[in-house]
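> my_file-v6.cif is the file, holding mmCIF, C-alpha atoms:
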data_input
#
loop_
_atom_site.label_atom_id
_atom_site.label_comp_id
_atom_site.auth_asym_id
_atom_site.auth_seq_id
_atom_site.Cartn_x
_atom_site.Cartn_y
_atom_site.Cartn_z
CA MET A 1 -5.58 61.54 -9.20
CA ILE A 2 -6.30 58.08 -10.58
CA THR A 3 -7.65 57.94 -14.07
CA LEU A 4 -9.71 54.93 -15.09
CA HIS A 5 -10.05 53.82 -18.66
CA ALA A 6 -11.09 50.76 -20.57
CA ALA A 7 -8.49 48.29 -21.64
CA THR A 8 -10.27 46.45 -24.38
CA ASP A 9 -7.04 44.93 -25.61
CA LEU A 10 -6.76 42.98 -22.34
CA TYR A 11 -10.10 41.22 -22.24
CA ASP A 12 -13.05 40.03 -24.20
CA SER A 13 -16.15 41.98 -23.23
CA GLY A 14 -18.75 39.43 -24.35
CA PRO A 15 -19.09 36.30 -22.20
CA ARG A 16 -20.41 36.35 -18.66
CA ASN A 17 -20.92 33.48 -16.23
CA SER A 18 -24.21 32.44 -14.57
CA ARG A 19 -23.76 35.17 -11.95
CA GLY A 20 -23.21 37.86 -14.56
CA LEU A 21 -19.46 38.18 -14.02
CA PHE A 22 -17.32 38.91 -17.03
CA LEU A 23 -15.32 35.99 -18.39
CA TRP A 24 -12.80 38.47 -19.68
CA ARG A 25 -9.64 36.30 -19.84
CA ARG A 26 -8.43 34.86 -23.09
CA SER A 27 -6.97 31.87 -21.15
CA MET A 28 -7.37 30.22 -17.78
CA PRO A 29 -4.82 31.47 -15.18
CA ARG A 30 -4.08 27.94 -13.89
CA ASN A 31 -2.66 25.52 -16.42
CA PRO A 32 -4.94 22.41 -16.26
CA SER A 33 -2.02 20.10 -17.10
CA THR A 34 0.62 21.44 -14.73
CA GLY A 35 -1.49 23.34 -12.20
CA VAL A 36 0.80 26.39 -12.47
CA TYR A 37 -1.02 29.69 -11.82
CA SER A 38 -0.33 32.71 -14.04
CA LYS A 39 -1.89 36.03 -13.17
CA PRO A 40 -3.97 37.76 -15.86
CA ALA A 41 -2.33 40.19 -18.25
CA GLY A 42 -2.46 43.90 -17.41
CA THR A 43 -1.99 43.38 -13.69
CA THR A 44 1.72 44.18 -13.47
CA PRO A 45 1.85 47.89 -12.53
CA SER A 46 4.63 50.43 -12.92
CA VAL A 47 5.25 53.80 -11.25
CA GLY A 48 3.01 56.51 -12.64
CA GLN A 49 0.80 54.04 -14.54
CA VAL A 50 -2.89 54.79 -14.79
CA ILE A 51 -4.72 51.93 -13.06
CA ASP A 52 -7.38 50.14 -15.09
CA PRO A 53 -10.04 48.68 -12.77
CA VAL A 54 -11.16 45.94 -15.16
CA PRO A 55 -8.08 43.65 -15.03
CA TRP A 56 -7.43 44.44 -11.34
CA ASN A 57 -10.98 43.63 -10.32
CA ALA A 58 -10.77 40.47 -12.40
CA LEU A 59 -7.47 39.59 -10.69
CA THR A 60 -8.94 39.74 -7.20
CA THR A 61 -11.94 37.70 -8.35
CA ASP A 62 -9.61 35.23 -10.02
CA LEU A 63 -7.47 34.86 -6.90
CA GLY A 64 -10.59 34.20 -4.85
CA ASN A 65 -11.67 31.51 -7.29
CA GLU A 66 -8.26 29.83 -7.25
CA ILE A 67 -8.12 29.85 -3.46
CA THR A 68 -11.56 28.24 -3.45
CA ASN A 69 -10.34 25.63 -5.93
CA SER A 70 -7.39 24.71 -3.69
CA LEU A 71 -7.80 21.72 -1.38
CA PRO A 72 -8.14 22.87 2.25
CA ARG A 73 -5.57 21.31 4.54
CA ASP A 74 -8.14 20.99 7.30
CA GLY A 75 -10.27 18.67 5.17
CA SER A 76 -13.27 20.99 5.21
CA ALA A 77 -13.90 20.41 1.49
CA PRO A 78 -13.38 17.33 -0.71
CA MET A 79 -11.84 16.95 -4.13
CA VAL A 80 -14.27 17.48 -7.01
CA ALA A 81 -11.97 15.93 -9.64
CA PRO A 82 -9.41 13.10 -9.69
CA LEU A 83 -6.43 13.69 -7.41
CA LYS A 84 -3.16 13.38 -9.32
CA ALA A 85 -0.10 12.29 -7.36
CA ALA A 86 3.55 12.07 -8.35
CA GLY A 87 4.70 8.66 -9.60
CA GLY A 88 7.17 8.31 -6.75
CA THR A 89 9.48 5.41 -6.00
CA MET A 90 9.64 2.55 -3.53
CA SER A 91 11.74 4.65 -1.14
CA ALA A 92 9.85 7.89 -1.80
CA PRO A 93 6.22 7.05 -2.65
CA GLY A 94 4.11 9.56 -4.54
CA LEU A 95 1.47 9.40 -1.84
CA GLY A 96 2.93 9.00 1.64
CA PHE A 97 2.63 10.11 5.22
CA ALA A 98 4.28 13.02 7.01
CA SER A 99 5.33 10.86 9.95
CA THR A 100 6.52 7.94 7.77
CA PRO A 101 7.41 9.29 4.31
CA GLN A 102 8.72 5.92 3.09
CA THR A 103 5.32 4.25 3.54
CA GLY A 104 2.62 4.79 0.91
CA LEU A 105 1.69 4.31 -2.74
CA TYR A 106 3.85 4.65 -5.82
CA LEU A 107 3.68 3.84 -9.51
CA LYS A 108 5.57 0.76 -10.65
CA GLY A 109 6.70 0.08 -14.18
CA GLY A 110 4.00 -0.80 -16.64
CA GLY A 111 1.48 1.41 -14.90
CA LEU A 112 1.13 -0.97 -11.94
CA LEU A 113 0.29 0.34 -8.49
CA GLY A 114 2.91 -0.34 -5.85
CA PHE A 115 2.69 -0.38 -2.07
CA THR A 116 5.75 0.34 0.03
CA GLN A 117 6.21 0.00 3.76
CA ASN A 118 9.26 1.63 5.33
CA GLY A 119 10.85 1.63 1.88
CA VAL A 120 10.20 -2.07 1.25
CA ASP A 121 7.81 -3.16 -1.48
CA VAL A 122 4.68 -4.92 -0.25
CA SER A 123 3.26 -7.50 -2.66
CA PHE A 124 -0.37 -8.57 -2.82
CA ASP A 125 -1.65 -11.72 -4.47
CA LYS A 126 -3.63 -11.38 -7.66
CA ALA A 127 -7.33 -12.01 -7.63
CA LEU A 128 -8.14 -15.70 -8.11
CA PHE A 129 -9.92 -16.55 -11.35
CA TYR A 130 -11.53 -19.81 -12.45
CA ALA A 131 -11.83 -21.48 -15.85
CA ALA A 132 -13.02 -24.90 -17.02
CA LYS A 133 -10.92 -26.87 -19.50
CA SER A 134 -11.86 -29.88 -21.60
CA GLY A 135 -8.48 -30.86 -23.07
CA ASP A 136 -4.73 -30.30 -23.14
CA TYR A 137 -3.54 -26.85 -22.10
CA THR A 138 -0.33 -24.81 -21.80
CA ALA A 139 -0.12 -22.83 -18.57
CA LEU A 140 1.06 -19.28 -19.24
CA ALA A 141 2.37 -16.39 -17.16
CA SER A 142 -1.11 -14.86 -17.33
CA ASP A 143 -2.45 -17.93 -15.47
CA ASP A 144 -0.82 -16.77 -12.25
CA SER A 145 -3.39 -17.32 -9.44
CA ALA A 146 -5.68 -19.23 -11.83
CA VAL A 147 -7.75 -22.26 -10.86
CA HIS A 148 -8.41 -24.57 -13.81
CA ARG A 149 -10.88 -27.42 -13.59
CA PHE A 150 -10.22 -30.14 -16.18
CA MET A 151 -13.31 -32.09 -17.21
CA ALA A 152 -11.44 -34.91 -19.02
CA ASP A 153 -8.03 -36.53 -19.31
CA ALA A 154 -5.55 -33.79 -20.14
CA ILE A 155 -1.88 -32.83 -20.25
CA VAL A 156 -0.96 -29.45 -18.80
CA THR A 157 2.34 -28.21 -20.19
CA LEU A 158 4.04 -25.64 -18.00
CA THR A 159 5.82 -22.71 -19.62
CA ALA A 160 9.52 -22.46 -18.74
CA ALA A 161 10.03 -21.63 -15.06
CA ALA A 162 12.30 -18.69 -15.89
CA THR A 163 9.51 -17.18 -18.00
CA LEU A 164 6.84 -17.69 -15.36
CA GLY A 165 9.11 -16.36 -12.64
CA ALA A 166 9.30 -16.95 -8.90
CA ASN A 167 6.01 -16.95 -6.96
CA TRP A 168 3.90 -17.87 -9.99
CA HIS A 169 1.23 -20.27 -8.72
CA TYR A 170 -1.53 -22.28 -10.28
CA ALA A 171 -4.20 -24.73 -9.09
CA VAL A 172 -5.39 -27.73 -11.09
CA ILE A 173 -8.55 -29.73 -10.34
CA ALA A 174 -8.97 -33.11 -12.02
CA ASP A 175 -12.74 -33.51 -12.32
CA GLY A 176 -13.44 -35.96 -15.11
CA GLY A 177 -10.11 -37.59 -15.83
CA ASP A 178 -6.45 -37.78 -14.85
CA VAL A 179 -4.40 -34.64 -15.45
CA THR A 180 -0.68 -34.92 -16.18
CA ILE A 181 1.49 -31.93 -15.32
CA ASP A 182 4.45 -31.73 -17.71
CA PRO A 183 7.13 -29.08 -16.98
CA ASN A 184 9.12 -27.50 -19.77
CA GLY A 185 12.10 -29.44 -21.14
CA SER A 186 14.21 -31.00 -18.40
CA GLU A 187 12.52 -29.05 -15.61
CA THR A 188 10.85 -31.01 -12.83
CA ILE A 189 7.89 -30.86 -10.50
CA ASP A 190 8.42 -32.22 -6.99
CA GLY A 191 11.69 -33.61 -8.35
CA ALA A 192 10.00 -35.73 -11.03
CA ALA A 193 9.67 -35.26 -14.78
CA THR A 194 5.85 -35.25 -14.57
CA LEU A 195 3.10 -35.30 -11.99
CA VAL A 196 -0.19 -37.16 -12.44
CA ILE A 197 -3.23 -35.74 -10.67
CA PRO A 198 -5.78 -38.56 -10.48
CA ASN A 199 -9.41 -37.90 -11.23
CA GLY A 200 -11.06 -36.48 -8.12
CA TYR A 201 -7.91 -34.86 -6.77
CA SER A 202 -6.28 -31.43 -7.10
CA ALA A 203 -2.82 -29.89 -6.80
CA PHE A 204 -1.47 -26.43 -6.00
CA ILE A 205 1.61 -25.73 -8.14
CA VAL A 206 4.25 -23.10 -7.34
CA CYS A 207 7.16 -21.92 -9.48
CA SER A 208 10.49 -21.01 -7.87
CA GLY A 209 11.85 -19.43 -11.03
CA SER A 210 13.86 -22.53 -11.90
CA THR A 211 11.65 -25.49 -10.96
CA PHE A 212 8.14 -26.41 -9.81
CA PHE A 213 6.78 -27.96 -6.65
CA THR A 214 3.42 -28.61 -5.01
CA ASP A 215 2.11 -28.36 -1.46
CA LYS A 216 2.31 -32.20 -1.28
CA LEU A 217 -1.26 -32.39 0.02
CA MET A 218 -2.40 -34.65 -2.81
CA THR A 219 0.54 -36.99 -2.20
CA ARG A 220 -0.30 -37.28 1.47
CA ILE A 221 -3.97 -37.92 0.72
CA LEU A 222 -3.10 -40.58 -1.84
CA THR A 223 -0.74 -42.23 0.64
CA LYS A 224 -3.49 -42.31 3.24
CA ALA A 225 -5.87 -43.78 0.68
CA ASP A 226 -3.37 -46.50 -0.14
CA VAL A 227 -2.78 -47.26 3.53
CA ALA A 228 -6.52 -47.60 4.10
CA ASN A 229 -6.54 -50.46 1.63
CA VAL A 230 -3.77 -52.41 3.36
CA ALA A 231 -4.99 -55.28 5.54
CA ASP A 232 -3.77 -55.60 9.09
CA TYR A 233 -0.81 -57.94 9.47
CA PHE A 234 1.57 -59.16 12.19
CA ILE A 235 5.14 -60.44 11.93
CA ASP A 236 5.89 -62.42 15.09
CA LEU A 237 4.57 -60.53 18.17
CA VAL A 238 3.56 -63.95 19.51
CA PRO A 239 1.94 -63.92 22.97
CA SER A 240 3.05 -66.52 25.55
CA PHE A 241 1.70 -67.52 28.96
CA VAL A 242 4.00 -66.57 31.80
CA SER A 243 1.78 -66.82 34.86
CA THR A 244 -1.81 -66.27 35.88
CA THR A 245 -1.06 -62.55 36.18
CA SER A 246 1.34 -61.89 33.30
CA ILE A 247 1.90 -62.56 29.64
CA SER A 248 4.84 -62.06 27.28
CA VAL A 249 4.93 -60.97 23.66
CA SER A 250 7.85 -61.72 21.36
CA SER A 251 9.58 -59.06 19.29
CA GLY A 252 8.20 -58.25 15.85
CA SER A 253 6.26 -55.71 13.83
CA ALA A 254 2.68 -55.11 12.79
CA PHE A 255 0.32 -52.91 10.84
CA CYS A 256 -3.12 -52.22 12.25
CA GLY A 257 -5.52 -49.34 12.50
CA GLY A 258 -3.77 -47.61 9.61
CA LYS A 259 -0.46 -47.40 11.50
CA SER A 260 2.70 -49.48 11.52
CA PHE A 261 4.94 -50.13 14.54
CA SER A 262 7.44 -52.63 15.89
CA ILE A 263 8.69 -54.07 19.18
CA PRO A 264 12.48 -54.54 19.03
CA SER A 265 12.66 -57.00 21.93
CA ALA A 266 10.34 -59.32 23.87
CA LEU A 267 8.31 -57.82 26.68
CA THR A 268 6.27 -59.07 29.60
CA LYS A 269 3.08 -57.44 30.81
CA VAL A 270 1.47 -57.79 34.23
CA PHE A 271 -2.32 -57.74 34.62
CA THR A 272 -4.44 -56.44 37.44
CA SER A 273 -6.13 -59.79 38.04
CA THR A 274 -5.59 -63.45 37.26
CA PHE A 275 -6.59 -65.37 34.18
CA VAL A 276 -6.24 -68.98 32.97
CA ALA A 277 -4.51 -69.74 29.69
CA GLY A 278 -5.47 -72.54 27.31
CA VAL A 279 -8.58 -74.75 27.22
CA MET A 280 -10.54 -74.49 30.44
CA ALA A 281 -12.20 -77.38 32.36
CA ALA A 282 -10.98 -79.87 29.77
CA SER A 283 -13.70 -78.67 27.44
CA SER A 284 -13.36 -79.44 23.76
CA THR A 285 -14.43 -75.85 23.01
CA PRO A 286 -11.98 -73.08 23.83
CA ALA A 287 -13.36 -70.91 26.59
CA PRO A 288 -13.35 -67.13 26.30
CA LEU A 289 -10.02 -65.57 27.23
CA LEU A 290 -10.83 -62.76 29.67
CA LEU A 291 -8.15 -60.06 29.69
CA PRO A 292 -8.20 -57.56 32.57
CA ARG A 293 -6.98 -54.00 32.12
CA LEU A 294 -3.47 -53.60 30.70
CA ILE A 295 -1.31 -51.18 32.62
CA SER A 296 1.77 -49.04 31.91
CA TYR A 297 2.10 -49.63 28.19
CA THR A 298 1.73 -47.61 24.98
CA PRO A 299 -1.59 -47.91 23.11
CA PHE A 300 0.10 -49.11 19.92
CA ALA A 301 1.99 -51.91 21.61
CA ALA A 302 -1.07 -52.87 23.64
CA SER A 303 -3.13 -52.90 20.47
CA ALA A 304 -0.58 -55.10 18.75
CA MET A 305 -0.48 -57.50 21.67
CA VAL A 306 -4.26 -57.71 21.91
CA ARG A 307 -4.60 -58.23 18.18
CA ALA A 308 -1.88 -60.85 18.34
CA ILE A 309 -3.79 -62.60 21.12
CA LEU A 310 -6.93 -62.37 19.01
CA SER A 311 -5.16 -64.08 16.14
CA HIS A 312 -4.50 -67.02 18.51
CA HIS A 313 -7.84 -67.04 20.28
CA SER A 314 -10.89 -66.12 18.23
CA GLN A 315 -13.17 -65.89 21.26
CA ALA A 316 -11.14 -63.38 23.24
CA ARG A 317 -13.05 -60.59 24.95
CA LEU A 318 -11.25 -57.25 25.08
CA PRO A 319 -11.43 -55.14 28.23
CA ALA A 320 -10.69 -51.44 28.22
CA LEU A 321 -7.01 -50.55 28.04
CA ARG A 322 -5.47 -48.28 30.63
#
Can you present the structure in this file as structure tokens?

Amino acid sequence: MITLHAATDLYDSGPRNSRGLFLWRRSMPRNPSTGVYSKPAGTTPSVGQVIDPVPWNALTTDLGNEITNSLPRDGSAPMVAPLKAAGGTMSAPGLGFASTPQTGLYLKGGGLLGFTQNGVDVSFDKALFYAAKSGDYTALASDDSAVHRFMADAIVTLTAAATLGANWHYAVIADGGDVTIDPNGSETIDGAATLVIPNGYSAFIVCSGSTFFTDKLMTRILTKADVANVADYFIDLVPSFVSTTSISVSSGSAFCGGKSFSIPSALTKVFTSTFVAGVMAASSTPAPLLLPRLISYTPFAASAMVRAILSHHSQARLPALR
């Protein structure tokens, strides 16, 4: 025969939940910090012991609650509180995949989130942030991925490359004055002690851990701007009459159309129709020099020859080149 009796030393008889169930335990069975489950007291039987229904009924209820609070593997129920994962490492991430356990998320030093793919760390660029500056400034490690717009003449002093570290990058916009980039000590930028960003230009600066360099875009743009201001010129490249169907051009070099080129030796070109060189019909006014289509020659050389002819005959008419 089973004898039932109260076990008031095992539970508190007062509190009940919203459904009227006793909240008899002095402590929660699952530790909220570690998640370890401990069954309620009074539920470890021995042979010949009189069974008390109160703790045993509570145990079955408690087990049902804990099973409900467990995350179903089939995804039928979501988490109702933050999911805590192990810190993990780059080769064994705290949150990974069964098929590829070395790919996932892990916790880096300093509380930073890390991504690993097949055991190799995957780096993501920091979010870009903008700030306006009105004077001199010292670029710091915290300015990684920053874009600073300088509204007046300024000197930007770069912190030592070793401090900033490899992959540190920084964009400077000169919008109101020239900005001089001055690396730390004897360090250089693009091989020079300083770099001047003219007003209206910008530069993207990258640190290698020991020196600084830019993407060279500003330099190329400035070079193009300088070239655009250079007047066309010719050195030799003198055209000469050979026959009514051909003309020769001496060796030389030229700059025109924003490009420079040279002809190392004299060449002769044949035309598709005849022309007459010099003053026509004994007129005191030079007649137009009509040039038929040029054939089998590079555009640059043809351009140089035509421009050279123009320099000797101001009334020349230019046909299409072929």
> Contacts of stretch 30-45 of chain A at 7 Å or less, counting only C-alpha atoms, minus same-chain residues fewer than 4 places along, as a PyMOL selection string?
chain A and resi 10+49+55-56+59
> Since I can't run it myself right now, could you work out what the PyMOL selection byres ((chain A and resi 264) around 6) selects here and report it as an mmCIF file with C-alpha atoms, in the frame of the given file?

data_model
loop_
_atom_site.group_PDB
_atom_site.id
_atom_site.type_symbol
_atom_site.label_atom_id
_atom_site.label_comp_id
_atom_site.auth_asym_id
_atom_site.auth_seq_id
_atom_site.Cartn_x
_atom_site.Cartn_y
_atom_site.Cartn_z
ATOM 1 C CA SER A 251 9.580 -59.060 19.290
ATOM 2 C CA ILE A 263 8.690 -54.070 19.180
ATOM 3 C CA SER A 265 12.660 -57.000 21.930
#
> Residues of stretch 73-157 of chain A that have any atom at most 10 Å from an atom of stretch 198-206 of chain A: could you tabulate them with the shortest-distance atom pair and the distance in Å to one decimal, using all atoms listed in the file, ordered by chain and increasing number, as JSON lines?

{"residue": "A:Asp144", "atom": "CA", "partner": "A:Val206", "partner_atom": "CA", "distance": 9.5}
{"residue": "A:Ser145", "atom": "CA", "partner": "A:Val206", "partner_atom": "CA", "distance": 9.8}
{"residue": "A:Val147", "atom": "CA", "partner": "A:Phe204", "partner_atom": "CA", "distance": 9.0}
{"residue": "A:His148", "atom": "CA", "partner": "A:Ser202", "partner_atom": "CA", "distance": 9.8}
{"residue": "A:Arg149", "atom": "CA", "partner": "A:Ser202", "partner_atom": "CA", "distance": 8.9}
{"residue": "A:Phe150", "atom": "CA", "partner": "A:Asn199", "partner_atom": "CA", "distance": 9.2}
{"residue": "A:Met151", "atom": "CA", "partner": "A:Asn199", "partner_atom": "CA", "distance": 9.2}
{"residue": "A:Ala152", "atom": "CA", "partner": "A:Asn199", "partner_atom": "CA", "distance": 8.6}
{"residue": "A:Asp153", "atom": "CA", "partner": "A:Asn199", "partner_atom": "CA", "distance": 8.3}
> For the file shown, what are the residues hit by the PyMOL selection byres ((chain A and resi 268) around 7), laid out as an MDAnalysis selection string?
chainID A and resid 246:249 267 269:270
> Hey, what comes out of the PyMOL selection byres ((chain A and resi 177-192) around 7) on this file? Could you write it as a ChimeraX atom specification?
/A:151-160,174-176,193-199,211-214
> For C-alpha atoms, I'd like the residues from the last selection saved as a JSON list (two decimals), keeping the file's coordinate frame.

[["chain", "number", "residue", "atom", "x", "y", "z"],
["A", 151, "MET", "CA", -13.31, -32.09, -17.21],
["A", 152, "ALA", "CA", -11.44, -34.91, -19.02],
["A", 153, "ASP", "CA", -8.03, -36.53, -19.31],
["A", 154, "ALA", "CA", -5.55, -33.79, -20.14],
["A", 155, "ILE", "CA", -1.88, -32.83, -20.25],
["A", 156, "VAL", "CA", -0.96, -29.45, -18.80],
["A", 157, "THR", "CA", 2.34, -28.21, -20.19],
["A", 158, "LEU", "CA", 4.04, -25.64, -18.00],
["A", 159, "THR", "CA", 5.82, -22.71, -19.62],
["A", 160, "ALA", "CA", 9.52, -22.46, -18.74],
["A", 174, "ALA", "CA", -8.97, -33.11, -12.02],
["A", 175, "ASP", "CA", -12.74, -33.51, -12.32],
["A", 176, "GLY", "CA", -13.44, -35.96, -15.11],
["A", 193, "ALA", "CA", 9.67, -35.26, -14.78],
["A", 194, "THR", "CA", 5.85, -35.25, -14.57],
["A", 195, "LEU", "CA", 3.10, -35.30, -11.99],
["A", 196, "VAL", "CA", -0.19, -37.16, -12.44],
["A", 197, "ILE", "CA", -3.23, -35.74, -10.67],
["A", 198, "PRO", "CA", -5.78, -38.56, -10.48],
["A", 199, "ASN", "CA", -9.41, -37.90, -11.23],
["A", 211, "THR", "CA", 11.65, -25.49, -10.96],
["A", 212, "PHE", "CA", 8.14, -26.41, -9.81],
["A", 213, "PHE", "CA", 6.78, -27.96, -6.65],
["A", 214, "THR", "CA", 3.42, -28.61, -5.01]]
